[in-house]
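File shown: data-v5.pdb. Contents: PDB, C-alpha atoms and all ligand atoms.
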```pdb
ATOM      1  CA  MET A 163     -19.055 -23.451  11.668
ATOM      2  CA  GLU A 164     -19.967 -21.277  14.617
ATOM      3  CA  LEU A 165     -23.229 -19.445  14.211
ATOM      4  CA  ASP A 166     -24.090 -16.381  16.176
ATOM      5  CA  ALA A 167     -27.326 -14.486  15.895
ATOM      6  CA  GLY A 168     -25.854 -11.955  13.482
ATOM      7  CA  VAL A 169     -24.567 -14.622  11.106
ATOM      8  CA  ALA A 170     -27.815 -16.527  11.370
ATOM      9  CA  THR A 171     -29.727 -13.461  10.241
ATOM     10  CA  GLU A 172     -27.390 -12.906   7.300
ATOM     11  CA  ARG A 173     -27.822 -16.470   6.050
ATOM     12  CA  ALA A 174     -31.529 -16.078   5.489
ATOM     13  CA  VAL A 175     -32.582 -16.812   1.967
ATOM     14  CA  VAL A 176     -36.251 -16.332   1.225
ATOM     15  CA  PRO A 177     -37.301 -12.729   0.830
ATOM     16  CA  GLN A 178     -40.474 -11.874   2.661
ATOM     17  CA  GLN A 179     -42.286 -10.794  -0.484
ATOM     18  CA  GLU A 180     -42.320 -14.462  -1.563
ATOM     19  CA  MET A 181     -44.815 -15.032   1.232
ATOM     20  CA  SER A 182     -48.017 -14.909  -0.747
ATOM     21  CA  GLN A 183     -46.610 -16.442  -3.908
ATOM     22  CA  ASP A 184     -46.379 -20.020  -5.048
ATOM     23  CA  ARG A 185     -43.768 -21.362  -2.720
ATOM     24  CA  SER A 186     -42.574 -24.141  -4.983
ATOM     25  CA  SER A 187     -41.353 -21.627  -7.538
ATOM     26  CA  VAL A 188     -38.727 -19.731  -5.535
ATOM     27  CA  PRO A 189     -35.995 -19.830  -8.173
ATOM     28  CA  GLY A 190     -32.708 -21.682  -7.747
ATOM     29  CA  MET A 191     -33.303 -22.867  -4.212
ATOM     30  CA  LYS A 192     -33.456 -26.365  -2.805
ATOM     31  CA  LEU A 193     -36.368 -26.594  -0.415
ATOM     32  CA  ALA A 194     -36.287 -28.898   2.591
ATOM     33  CA  VAL A 195     -39.914 -28.259   3.528
ATOM     34  CA  GLU A 196     -42.655 -26.844   1.329
ATOM     35  CA  ALA A 197     -46.348 -26.691   1.973
ATOM     36  CA  GLN A 198     -49.291 -25.125   0.228
ATOM     37  CA  GLY A 199     -52.714 -24.576   1.710
ATOM     38  CA  LEU A 200     -52.130 -27.043   4.521
ATOM     39  CA  VAL A 201     -55.335 -27.632   6.497
ATOM     40  CA  LYS A 202     -56.118 -29.827   9.505
ATOM     41  CA  GLN A 203     -59.586 -30.277  10.889
ATOM     42  CA  TYR A 204     -60.046 -32.446  13.945
ATOM     43  CA  ARG A 205     -63.516 -33.939  13.883
ATOM     44  CA  GLY A 206     -64.892 -35.282  17.126
ATOM     45  CA  ARG A 207     -68.152 -35.808  18.952
ATOM     46  CA  SER A 208     -68.000 -32.271  20.300
ATOM     47  CA  GLY A 209     -67.626 -30.783  16.813
ATOM     48  CA  THR A 210     -64.887 -29.726  14.424
ATOM     49  CA  VAL A 211     -61.664 -27.954  15.397
ATOM     50  CA  ASP A 212     -59.947 -25.986  12.628
ATOM     51  CA  ALA A 213     -56.435 -26.420  13.983
ATOM     52  CA  VAL A 214     -54.504 -25.427  10.839
ATOM     53  CA  ARG A 215     -56.226 -23.182   8.294
ATOM     54  CA  GLY A 216     -54.196 -22.970   5.109
ATOM     55  CA  VAL A 217     -50.521 -22.835   6.005
ATOM     56  CA  GLY A 218     -47.898 -22.279   3.307
ATOM     57  CA  LEU A 219     -44.234 -22.841   4.041
ATOM     58  CA  ALA A 220     -40.943 -22.737   2.157
ATOM     59  CA  VAL A 221     -37.920 -23.765   4.192
ATOM     60  CA  ALA A 222     -34.606 -23.774   2.343
ATOM     61  CA  ALA A 223     -32.172 -26.645   2.795
ATOM     62  CA  GLY A 224     -29.629 -25.689   5.435
ATOM     63  CA  GLU A 225     -31.819 -23.317   7.415
ATOM     64  CA  VAL A 226     -32.842 -23.337  11.044
ATOM     65  CA  PHE A 227     -36.489 -22.405  10.598
ATOM     66  CA  GLY A 228     -38.512 -21.288  13.596
ATOM     67  CA  PHE A 229     -42.236 -21.908  13.855
ATOM     68  CA  LEU A 230     -43.302 -19.556  16.589
ATOM     69  CA  GLY A 231     -46.707 -19.260  18.186
ATOM     70  CA  PRO A 232     -48.712 -19.368  21.398
ATOM     71  CA  ASN A 233     -50.233 -22.517  22.899
ATOM     72  CA  GLY A 234     -52.917 -23.934  20.641
ATOM     73  CA  ALA A 235     -51.722 -22.015  17.559
ATOM     74  CA  GLY A 236     -51.346 -25.179  15.481
ATOM     75  CA  LYS A 237     -47.581 -25.770  15.698
ATOM     76  CA  SER A 238     -47.634 -29.430  16.750
ATOM     77  CA  THR A 239     -50.465 -30.221  14.353
ATOM     78  CA  THR A 240     -48.443 -28.793  11.468
ATOM     79  CA  VAL A 241     -45.343 -30.746  12.516
ATOM     80  CA  ARG A 242     -47.359 -33.953  12.799
ATOM     81  CA  MET A 243     -48.725 -33.504   9.293
ATOM     82  CA  LEU A 244     -45.292 -32.721   7.835
ATOM     83  CA  THR A 245     -43.749 -35.753   9.532
ATOM     84  CA  THR A 246     -46.453 -38.216   8.346
ATOM     85  CA  LEU A 247     -47.699 -38.787  11.898
ATOM     86  CA  MET A 248     -51.114 -37.345  11.149
ATOM     87  CA  SER A 249     -53.302 -37.196   8.060
ATOM     88  CA  ILE A 250     -53.552 -33.976   6.061
ATOM     89  CA  THR A 251     -57.134 -32.731   5.686
ATOM     90  CA  SER A 252     -56.264 -30.731   2.562
ATOM     91  CA  GLY A 253     -53.324 -29.040   0.908
ATOM     92  CA  THR A 254     -49.969 -30.442  -0.111
ATOM     93  CA  ALA A 255     -46.598 -30.837   1.555
ATOM     94  CA  ARG A 256     -43.178 -31.967   0.406
ATOM     95  CA  VAL A 257     -40.334 -32.738   2.787
ATOM     96  CA  ALA A 258     -36.780 -33.336   1.516
ATOM     97  CA  GLY A 259     -38.292 -33.157  -1.960
ATOM     98  CA  VAL A 260     -40.764 -35.994  -1.346
ATOM     99  CA  ASP A 261     -44.563 -35.673  -1.335
ATOM    100  CA  VAL A 262     -45.765 -36.416   2.183
ATOM    101  CA  MET A 263     -49.115 -37.918   1.245
ATOM    102  CA  ALA A 264     -47.893 -39.903  -1.775
ATOM    103  CA  GLU A 265     -44.708 -41.357  -0.249
ATOM    104  CA  PRO A 266     -44.830 -41.256   3.558
ATOM    105  CA  ASP A 267     -42.259 -44.039   3.992
ATOM    106  CA  ALA A 268     -39.722 -42.222   1.831
ATOM    107  CA  VAL A 269     -40.305 -39.064   3.890
ATOM    108  CA  ARG A 270     -39.784 -40.985   7.140
ATOM    109  CA  ARG A 271     -36.392 -42.227   5.965
ATOM    110  CA  ARG A 272     -35.246 -38.665   5.313
ATOM    111  CA  ILE A 273     -36.407 -37.002   8.541
ATOM    112  CA  GLY A 274     -35.692 -37.092  12.236
ATOM    113  CA  VAL A 275     -38.377 -36.144  14.735
ATOM    114  CA  ALA A 276     -38.161 -35.188  18.400
ATOM    115  CA  LEU A 277     -41.649 -34.509  19.698
ATOM    116  CA  GLN A 278     -42.769 -32.628  22.778
ATOM    117  CA  GLU A 279     -43.108 -35.807  24.807
ATOM    118  CA  ALA A 280     -39.944 -37.889  24.556
ATOM    119  CA  GLY A 281     -40.432 -41.659  24.763
ATOM    120  CA  LEU A 282     -37.231 -42.869  26.390
ATOM    121  CA  ASP A 283     -36.940 -46.166  28.285
ATOM    122  CA  PRO A 284     -35.648 -45.149  31.746
ATOM    123  CA  ARG A 285     -33.954 -48.516  32.350
ATOM    124  CA  GLN A 286     -31.664 -48.235  29.327
ATOM    125  CA  THR A 287     -28.426 -46.319  29.270
ATOM    126  CA  GLY A 288     -28.043 -43.489  26.775
ATOM    127  CA  ARG A 289     -25.538 -45.518  24.782
ATOM    128  CA  GLU A 290     -27.787 -48.606  24.689
ATOM    129  CA  LEU A 291     -30.667 -46.523  23.371
ATOM    130  CA  LEU A 292     -28.597 -45.076  20.523
ATOM    131  CA  VAL A 293     -27.047 -48.441  19.595
ATOM    132  CA  LEU A 294     -30.514 -50.021  19.513
ATOM    133  CA  GLN A 295     -31.878 -47.220  17.345
ATOM    134  CA  ALA A 296     -28.968 -47.554  14.904
ATOM    135  CA  ARG A 297     -29.505 -51.332  14.736
ATOM    136  CA  LEU A 298     -33.204 -50.784  14.026
ATOM    137  CA  PHE A 299     -32.212 -48.591  11.092
ATOM    138  CA  GLY A 300     -30.042 -51.394   9.691
ATOM    139  CA  SER A 301     -26.539 -50.675  10.997
ATOM    140  CA  SER A 302     -24.173 -53.541  11.832
ATOM    141  CA  SER A 303     -23.212 -53.727  15.497
ATOM    142  CA  GLY A 304     -19.837 -52.120  14.774
ATOM    143  CA  GLN A 305     -21.428 -49.298  12.838
ATOM    144  CA  ALA A 306     -24.049 -48.845  15.545
ATOM    145  CA  SER A 307     -21.401 -48.484  18.278
ATOM    146  CA  ALA A 308     -19.490 -45.949  16.214
ATOM    147  CA  LYS A 309     -22.651 -43.980  15.441
ATOM    148  CA  ALA A 310     -23.682 -43.978  19.109
ATOM    149  CA  GLN A 311     -20.274 -42.664  20.156
ATOM    150  CA  GLU A 312     -20.335 -39.938  17.485
ATOM    151  CA  LEU A 313     -23.789 -38.767  18.565
ATOM    152  CA  LEU A 314     -22.949 -38.902  22.285
ATOM    153  CA  GLU A 315     -20.046 -36.578  21.523
ATOM    154  CA  LEU A 316     -22.262 -34.301  19.429
ATOM    155  CA  VAL A 317     -24.752 -33.781  22.263
ATOM    156  CA  ASP A 318     -22.104 -33.828  24.981
ATOM    157  CA  LEU A 319     -23.319 -36.940  26.803
ATOM    158  CA  VAL A 320     -20.161 -39.060  26.699
ATOM    159  CA  ASP A 321     -19.658 -38.919  30.466
ATOM    160  CA  ALA A 322     -23.254 -40.016  31.159
ATOM    161  CA  ALA A 323     -23.434 -42.512  28.296
ATOM    162  CA  ASP A 324     -23.281 -45.651  30.421
ATOM    163  CA  ARG A 325     -25.665 -44.529  33.153
ATOM    164  CA  ARG A 326     -29.369 -45.350  33.140
ATOM    165  CA  ILE A 327     -31.611 -42.721  31.556
ATOM    166  CA  LYS A 328     -33.744 -42.544  34.699
ATOM    167  CA  GLY A 329     -30.899 -40.664  36.404
ATOM    168  CA  TYR A 330     -30.647 -38.040  33.631
ATOM    169  CA  SER A 331     -31.803 -34.458  34.112
ATOM    170  CA  GLY A 332     -34.541 -33.027  31.892
ATOM    171  CA  GLY A 333     -31.929 -31.303  29.749
ATOM    172  CA  MET A 334     -29.891 -34.505  29.316
ATOM    173  CA  LYS A 335     -33.021 -36.412  28.249
ATOM    174  CA  ARG A 336     -33.817 -33.728  25.706
ATOM    175  CA  ARG A 337     -30.270 -33.956  24.306
ATOM    176  CA  LEU A 338     -30.429 -37.746  24.148
ATOM    177  CA  ASP A 339     -33.738 -37.450  22.336
ATOM    178  CA  LEU A 340     -32.058 -35.086  19.851
ATOM    179  CA  ALA A 341     -29.270 -37.617  19.328
ATOM    180  CA  SER A 342     -31.726 -40.460  18.780
ATOM    181  CA  ALA A 343     -33.511 -38.428  16.092
ATOM    182  CA  LEU A 344     -30.185 -38.188  14.230
ATOM    183  CA  VAL A 345     -29.212 -41.872  14.158
ATOM    184  CA  HIS A 346     -30.223 -42.390  10.535
ATOM    185  CA  GLU A 347     -28.619 -39.123   9.379
ATOM    186  CA  PRO A 348     -31.809 -37.327   8.380
ATOM    187  CA  GLU A 349     -31.799 -34.427   5.927
ATOM    188  CA  VAL A 350     -34.417 -32.565   7.942
ATOM    189  CA  LEU A 351     -34.783 -32.592  11.719
ATOM    190  CA  PHE A 352     -38.128 -31.601  13.251
ATOM    191  CA  LEU A 353     -38.044 -30.444  16.863
ATOM    192  CA  ASP A 354     -41.307 -29.666  18.623
ATOM    193  CA  GLU A 355     -40.596 -27.264  21.486
ATOM    194  CA  PRO A 356     -37.187 -28.759  22.272
ATOM    195  CA  THR A 357     -36.591 -26.484  25.259
ATOM    196  CA  THR A 358     -40.028 -26.093  26.839
ATOM    197  CA  GLY A 359     -39.786 -26.867  30.541
ATOM    198  CA  LEU A 360     -35.994 -26.738  30.666
ATOM    199  CA  ASP A 361     -34.065 -24.499  33.020
ATOM    200  CA  PRO A 362     -32.182 -21.613  31.360
ATOM    201  CA  ALA A 363     -28.775 -23.336  31.425
ATOM    202  CA  SER A 364     -30.108 -26.540  29.823
ATOM    203  CA  ARG A 365     -31.887 -24.426  27.248
ATOM    204  CA  LEU A 366     -28.608 -22.818  26.201
ATOM    205  CA  THR A 367     -26.995 -26.255  25.893
ATOM    206  CA  VAL A 368     -29.803 -27.461  23.620
ATOM    207  CA  TRP A 369     -29.339 -24.310  21.518
ATOM    208  CA  ASP A 370     -25.660 -25.232  21.115
ATOM    209  CA  GLU A 371     -26.592 -28.756  20.020
ATOM    210  CA  VAL A 372     -29.065 -27.406  17.473
ATOM    211  CA  ARG A 373     -26.406 -25.081  16.051
ATOM    212  CA  ARG A 374     -23.916 -27.947  15.827
ATOM    213  CA  ILE A 375     -26.433 -30.246  14.156
ATOM    214  CA  ASN A 376     -27.285 -27.534  11.637
ATOM    215  CA  ALA A 377     -23.597 -26.836  10.989
ATOM    216  CA  ARG A 378     -23.224 -30.503   9.970
ATOM    217  CA  GLY A 379     -25.698 -29.841   7.183
ATOM    218  CA  THR A 380     -29.076 -30.827   8.652
ATOM    219  CA  THR A 381     -32.024 -28.522   8.067
ATOM    220  CA  VAL A 382     -33.817 -27.846  11.352
ATOM    221  CA  PHE A 383     -37.543 -27.111  11.637
ATOM    222  CA  LEU A 384     -38.165 -26.035  15.190
ATOM    223  CA  THR A 385     -41.318 -24.978  16.981
ATOM    224  CA  THR A 386     -41.049 -22.752  19.977
ATOM    225  CA  GLN A 387     -43.059 -20.514  22.239
ATOM    226  CA  TYR A 388     -39.914 -18.648  23.237
ATOM    227  CA  LEU A 389     -39.315 -15.421  21.373
ATOM    228  CA  GLU A 390     -35.675 -15.195  22.324
ATOM    229  CA  GLU A 391     -35.081 -18.766  21.193
ATOM    230  CA  ALA A 392     -36.400 -17.944  17.730
ATOM    231  CA  ASP A 393     -34.364 -14.745  17.689
ATOM    232  CA  GLN A 394     -31.120 -16.461  18.683
ATOM    233  CA  LEU A 395     -31.377 -19.693  16.771
ATOM    234  CA  CYS A 396     -33.385 -19.221  13.614
ATOM    235  CA  ASN A 397     -32.412 -17.858  10.210
ATOM    236  CA  ARG A 398     -36.058 -17.323   9.465
ATOM    237  CA  ILE A 399     -39.286 -17.584  11.400
ATOM    238  CA  ALA A 400     -42.981 -17.810  10.748
ATOM    239  CA  ILE A 401     -45.417 -16.705  13.433
ATOM    240  CA  ILE A 402     -48.562 -18.850  13.521
ATOM    241  CA  ASP A 403     -51.690 -17.815  15.381
ATOM    242  CA  GLY A 404     -55.102 -19.452  15.230
ATOM    243  CA  GLY A 405     -53.925 -21.880  12.545
ATOM    244  CA  ARG A 406     -52.722 -19.151  10.161
ATOM    245  CA  ILE A 407     -49.303 -17.690   9.461
ATOM    246  CA  VAL A 408     -49.418 -14.030  10.412
ATOM    247  CA  ARG A 409     -45.762 -13.026   9.835
ATOM    248  CA  GLU A 410     -42.811 -14.550   8.063
ATOM    249  CA  GLY A 411     -39.234 -13.420   7.540
ATOM    250  CA  THR A 412     -35.863 -13.184   9.210
ATOM    251  CA  PRO A 413     -35.953 -11.827  12.754
ATOM    252  CA  GLY A 414     -34.195  -8.742  11.394
ATOM    253  CA  GLN A 415     -36.746  -8.239   8.600
ATOM    254  CA  LEU A 416     -39.686  -8.586  10.968
ATOM    255  CA  LYS A 417     -38.252  -6.034  13.379
ATOM    256  CA  GLY A 418     -37.321  -3.734  10.484
ATOM    257  CA  ASP A 419     -40.831  -3.901   9.011
ATOM    258  CA  LEU A 420     -42.420  -2.995  12.325
ATOM    259  CA  GLN A 421     -39.948  -0.196  12.893
ATOM    260  CA  ARG A 422     -40.704   1.301   9.474
ATOM    261  CA  ARG A 423     -44.445   1.073  10.084
ATOM    262  CA  ARG A 424     -44.262   2.635  13.489
ATOM    263  CA  ALA A 425     -41.302   4.923  12.851
ATOM    264  CA  THR A 426     -40.179   4.399  16.437
ATOM    265  CA  ALA A 427     -36.841   4.358  18.152
ATOM    266  CA  PRO A 428     -35.309   2.233  19.583
ATOM    267  CA  PRO A 429     -35.790  -0.682  17.160
ATOM    268  CA  PRO A 430     -38.550  -3.093  18.250
ATOM    269  CA  THR A 431     -37.830  -6.464  19.800
ATOM    270  CA  LEU A 432     -39.183  -9.736  18.444
ATOM    271  CA  GLU A 433     -41.619  -9.644  21.370
ATOM    272  CA  GLU A 434     -43.069  -6.408  20.012
ATOM    273  CA  VAL A 435     -43.313  -7.961  16.539
ATOM    274  CA  PHE A 436     -45.166 -10.878  18.089
ATOM    275  CA  LEU A 437     -47.551  -8.617  19.994
ATOM    276  CA  ASP A 438     -48.252  -6.641  16.832
ATOM    277  CA  ALA A 439     -48.804  -9.817  14.791
ATOM    278  CA  THR A 440     -51.117 -11.573  17.201
ATOM    279  CA  GLY A 441     -52.940  -8.691  18.850
ATOM    280  CA  ARG A 442     -51.827  -9.978  22.252
ATOM    281  CA  THR A 443     -50.969  -7.848  25.228
ATOM    282  CA  ARG A 444     -47.891  -8.184  27.381
ATOM    283  CA  GLU A 445     -50.020  -9.712  30.174
ATOM    284  CA  ARG A 446     -51.358 -12.429  27.902
ATOM    285  CA  VAL A 447     -47.910 -13.082  26.526
ATOM    286  CA  ALA A 448     -46.590 -13.621  30.020
ATOM    287  CA  GLY A 449     -48.759 -16.727  30.372
ATOM    288  CA  ASP A 450     -48.490 -17.729  26.760
ATOM    289  CA  VAL A 451     -45.344 -16.964  24.872
ATOM    290  CA  LYS A 452     -42.264 -16.150  26.831
ATOM    291  CA  GLY A 453     -38.828 -14.692  26.782
ATOM    292  CA  VAL A 454     -36.209 -17.119  28.036
ATOM    293  CA  SER A 455     -34.914 -15.197  30.993
ATOM    294  CA  GLU A 456     -37.900 -15.651  33.295
TER     295      GLU A 456
HETATM  296  N1  LIG B   1     -56.328 -34.536  18.873
HETATM  297  C1  LIG B   1     -56.981 -33.383  18.862
HETATM  298  N2  LIG B   1     -58.331 -33.328  18.787
HETATM  299  C2  LIG B   1     -58.999 -32.151  18.753
HETATM  300  N3  LIG B   1     -58.388 -30.951  18.814
HETATM  301  C3  LIG B   1     -57.036 -30.933  18.905
HETATM  302  C4  LIG B   1     -56.272 -32.148  18.937
HETATM  303  N4  LIG B   1     -54.947 -31.798  19.019
HETATM  304  C5  LIG B   1     -54.919 -30.456  19.044
HETATM  305  N5  LIG B   1     -56.169 -29.939  18.977
HETATM  306  C6  LIG B   1     -56.523 -28.503  18.937
HETATM  307  O1  LIG B   1     -55.960 -27.962  17.756
HETATM  308  C7  LIG B   1     -55.435 -26.656  18.025
HETATM  309  C8  LIG B   1     -53.954 -26.637  17.704
HETATM  310  O2  LIG B   1     -53.266 -27.478  18.625
HETATM  311  P1  LIG B   1     -51.706 -27.755  18.531
HETATM  312  O3  LIG B   1     -51.340 -28.038  17.124
HETATM  313  O4  LIG B   1     -51.364 -28.767  19.551
HETATM  314  O5  LIG B   1     -51.112 -26.314  18.945
HETATM  315  P2  LIG B   1     -49.669 -25.913  19.498
HETATM  316  O6  LIG B   1     -48.734 -27.047  19.266
HETATM  317  O7  LIG B   1     -49.320 -24.668  18.728
HETATM  318  O8  LIG B   1     -49.835 -25.599  20.953
HETATM  319  C9  LIG B   1     -55.772 -26.349  19.457
HETATM  320  O9  LIG B   1     -56.985 -25.647  19.474
HETATM  321  C10 LIG B   1     -55.920 -27.717  20.086
HETATM  322  O10 LIG B   1     -56.795 -27.657  21.177
HETATM  323 MG    MG B   2     -47.526 -28.104  20.594
END
```
Can you dump the structure from the file as structure tokens?
Amino acid sequence: MELDAGVATERAVVPQQEMSQDRSSVPGMKLAVEAQGLVKQYRGRSGTVDAVRGVGLAVAAGEVFGFLGPNGAGKSTTVRMLTTLMSITSGTARVAGVDVMAEPDAVRRRIGVALQEAGLDPRQTGRELLVLQARLFGSSSGQASAKAQELLELVDLVDAADRRIKGYSGGMKRRLDLASALVHEPEVLFLDEPTTGLDPASRLTVWDEVRRINARGTTVFLTTQYLEEADQLCNRIAIIDGGRIVREGTPGQLKGDLQRRRATAPPPTLEEVFLDATGRTRERVAGDVKGVSE
């Protein structure tokens, strides 16, 4: 299925008024990610950092959900808690229907994770990496070869498959990292800033891969600092600032809400929604959260 921005907006499922309610009780909907009152405090010698201050989330199965916020907002911390990589200070989270604190191993089997810093061995080829990953997850060597080929096709790396990773561009490494997060066919894929640092063309290619992965049935939870990325790719977004969710809805709903409040024409952009939500100015946004066409 091809998704364009218009279709993506139409597919959104959770009405915004659910925001302050008990997220586990949205009727008739299978949730891929749900969290209530999620808190993370980092305690160190220099004091306590309240990185995440009571985040609630309800991501429906099948969505591309965007977690948008400036540097330091708490995006990576939230992702690390949801993916069992970091302890939860308080609150609860379920991913793919499984309680993260009670059954972390079961959660790990159901998720794929591509973090901000990809850990790829530069001496391997792309194909070798994927075959190894598939073997580690219990595939036979025949199955592993077939899986590697399928994923190389999915992320458009067939031509580069047998070259060493050290010769790959930043965009190719990001796409290989995406493929390696999919080896065990996860229900939910977490991507932490998958396009940060990529040139505009590579960014568009990663967007295509994300759409294709989602069209195969995988729920995608994606953090980004790029407003246009969230607008283009995500059915629904939450804006996080200072460890708290300050807006949540489809891109269309968020723009519509602001337009009704301000009664302005033309309709606001997602950038204006972001500025309104976070109290930032355009100058601060320029060094903080960006459009993609810079
Ligand atoms: N390991 C850590 N120890 C202490 N503070 C941290 C640690 N990791 C992140 N922080 C702080 O927690 C806040 C949220 O960080 P993070 O989740 O990385 O934000 P984002 O991914 O949105 O940029 C920031 O203030 C950051 O400085
Ligand atoms: Mg981060």
Expected selection as a PyMOL selection string for ligand LIG 1 (chain B) within 10 Å, all atoms listed in the file: chain A and resi 202-214+229-243+248+278+354-355+385-387+402-405+450
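Separating atom CA of A:Glu347 from atom CA of A:Ser364 is a distance of 24.1 Å.
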Exercise: A:Asp361 partners within 9 Å, all atoms listed in the file, chain neighbours under 5 positions left out, as number ranges by chain: A: 332-333, 366
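Distance check against A:Ser307 using all atoms listed in the file: of A:Ile250, A:Gly274, A:Gln198, A:Val345, the minimum falls on A:Val345.
Interatomic distance, atom CA of A:Arg365 against atom CA of A:Lys335: 12.1 Å.
Here atom CA of A:Phe299 stands at a distance of 21.5 Å from atom CA of A:Asp324.
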Residue contacts of stretch 303-306 of chain A (10 Å, all atoms listed in the file) excluding same-chain residues fewer than 3 positions away, as a list in words: Arg289, Glu290, Leu292, Val293, Leu294, Gln295, Ala296, Arg297, Leu298, Phe299, Gly300, Lys309, Ala310, Gln311, Glu312 and Val345 of chain A
Can you report as lines of an AutoDock Vina configuration file the centre and edge lengths in Å, to one decimal, of an axis-aligned box around the listed atoms of stretch 342-357 of chain A padded with 4 Å on each side?
```
center_x = -35.0
center_y = -34.4
center_z = 15.6
size_x = 20.7
size_y = 23.9
size_z = 27.3
```
Taking the file above as input, evaluate the PyMOL selection byres (((chain A and resi 396) around 10) and not hetatm) and report the hits as a compact mmCIF listing (two decimals) with C-alpha atoms, in the coordinates of the input.
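Wrote it out as selection-v3.txt, contents follow:
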```txt
# COMPACT_ATOMS: atom_id res chain seq x y z
CA ALA A 167 -27.33 -14.49 15.90
CA ALA A 170 -27.82 -16.53 11.37
CA THR A 171 -29.73 -13.46 10.24
CA ARG A 173 -27.82 -16.47 6.05
CA ALA A 174 -31.53 -16.08 5.49
CA GLU A 225 -31.82 -23.32 7.42
CA VAL A 226 -32.84 -23.34 11.04
CA PHE A 227 -36.49 -22.40 10.60
CA GLY A 228 -38.51 -21.29 13.60
CA PHE A 229 -42.24 -21.91 13.86
CA ARG A 373 -26.41 -25.08 16.05
CA VAL A 382 -33.82 -27.85 11.35
CA PHE A 383 -37.54 -27.11 11.64
CA LEU A 384 -38.16 -26.04 15.19
CA GLU A 390 -35.67 -15.20 22.32
CA GLU A 391 -35.08 -18.77 21.19
CA ALA A 392 -36.40 -17.94 17.73
CA ASP A 393 -34.36 -14.74 17.69
CA GLN A 394 -31.12 -16.46 18.68
CA LEU A 395 -31.38 -19.69 16.77
CA ASN A 397 -32.41 -17.86 10.21
CA ARG A 398 -36.06 -17.32 9.46
CA ILE A 399 -39.29 -17.58 11.40
CA THR A 412 -35.86 -13.18 9.21
CA PRO A 413 -35.95 -11.83 12.75
```
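Each of A:Val221, A:Leu351, A:Leu193, A:Ile375 was checked against A:Val317 using all atoms listed in the file; the smallest atom-to-atom distance is that of A:Ile375.
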Mind writing stretch 323-334 of chain A to a file for me, with N, CA and C atoms, as a short mmCIF file (atom, residue, chain, number, x, y, z; two decimals), in the first residue's frame?
```cif
data_model
loop_
_atom_site.label_atom_id
_atom_site.label_comp_id
_atom_site.auth_asym_id
_atom_site.auth_seq_id
_atom_site.Cartn_x
_atom_site.Cartn_y
_atom_site.Cartn_z
N ALA A 323 25.03 -5.04 -1.32
CA ALA A 323 24.94 -6.07 -0.28
C ALA A 323 26.27 -6.75 0.02
N ASP A 324 27.11 -6.92 -1.01
CA ASP A 324 28.33 -7.69 -0.81
C ASP A 324 29.58 -6.81 -0.70
N ARG A 325 29.34 -5.53 -0.46
CA ARG A 325 30.47 -4.62 -0.17
C ARG A 325 30.57 -4.40 1.33
N ARG A 326 31.78 -4.05 1.79
CA ARG A 326 31.97 -3.82 3.22
C ARG A 326 31.22 -2.57 3.66
N ILE A 327 30.70 -2.62 4.90
CA ILE A 327 29.88 -1.53 5.42
C ILE A 327 30.68 -0.23 5.51
N LYS A 328 32.01 -0.36 5.68
CA LYS A 328 32.80 0.87 5.83
C LYS A 328 32.73 1.76 4.60
N GLY A 329 32.38 1.19 3.44
CA GLY A 329 32.24 2.01 2.24
C GLY A 329 30.84 2.58 2.04
N TYR A 330 29.91 2.30 2.96
CA TYR A 330 28.53 2.77 2.80
C TYR A 330 28.43 4.25 3.18
N SER A 331 27.50 4.93 2.54
CA SER A 331 27.18 6.31 2.95
C SER A 331 26.37 6.28 4.24
N GLY A 332 26.23 7.45 4.86
CA GLY A 332 25.43 7.55 6.09
C GLY A 332 24.01 7.03 5.88
N GLY A 333 23.42 7.37 4.75
CA GLY A 333 22.05 6.93 4.47
C GLY A 333 21.97 5.42 4.32
N MET A 334 22.97 4.82 3.64
CA MET A 334 22.97 3.36 3.46
C MET A 334 23.12 2.66 4.81
#
```
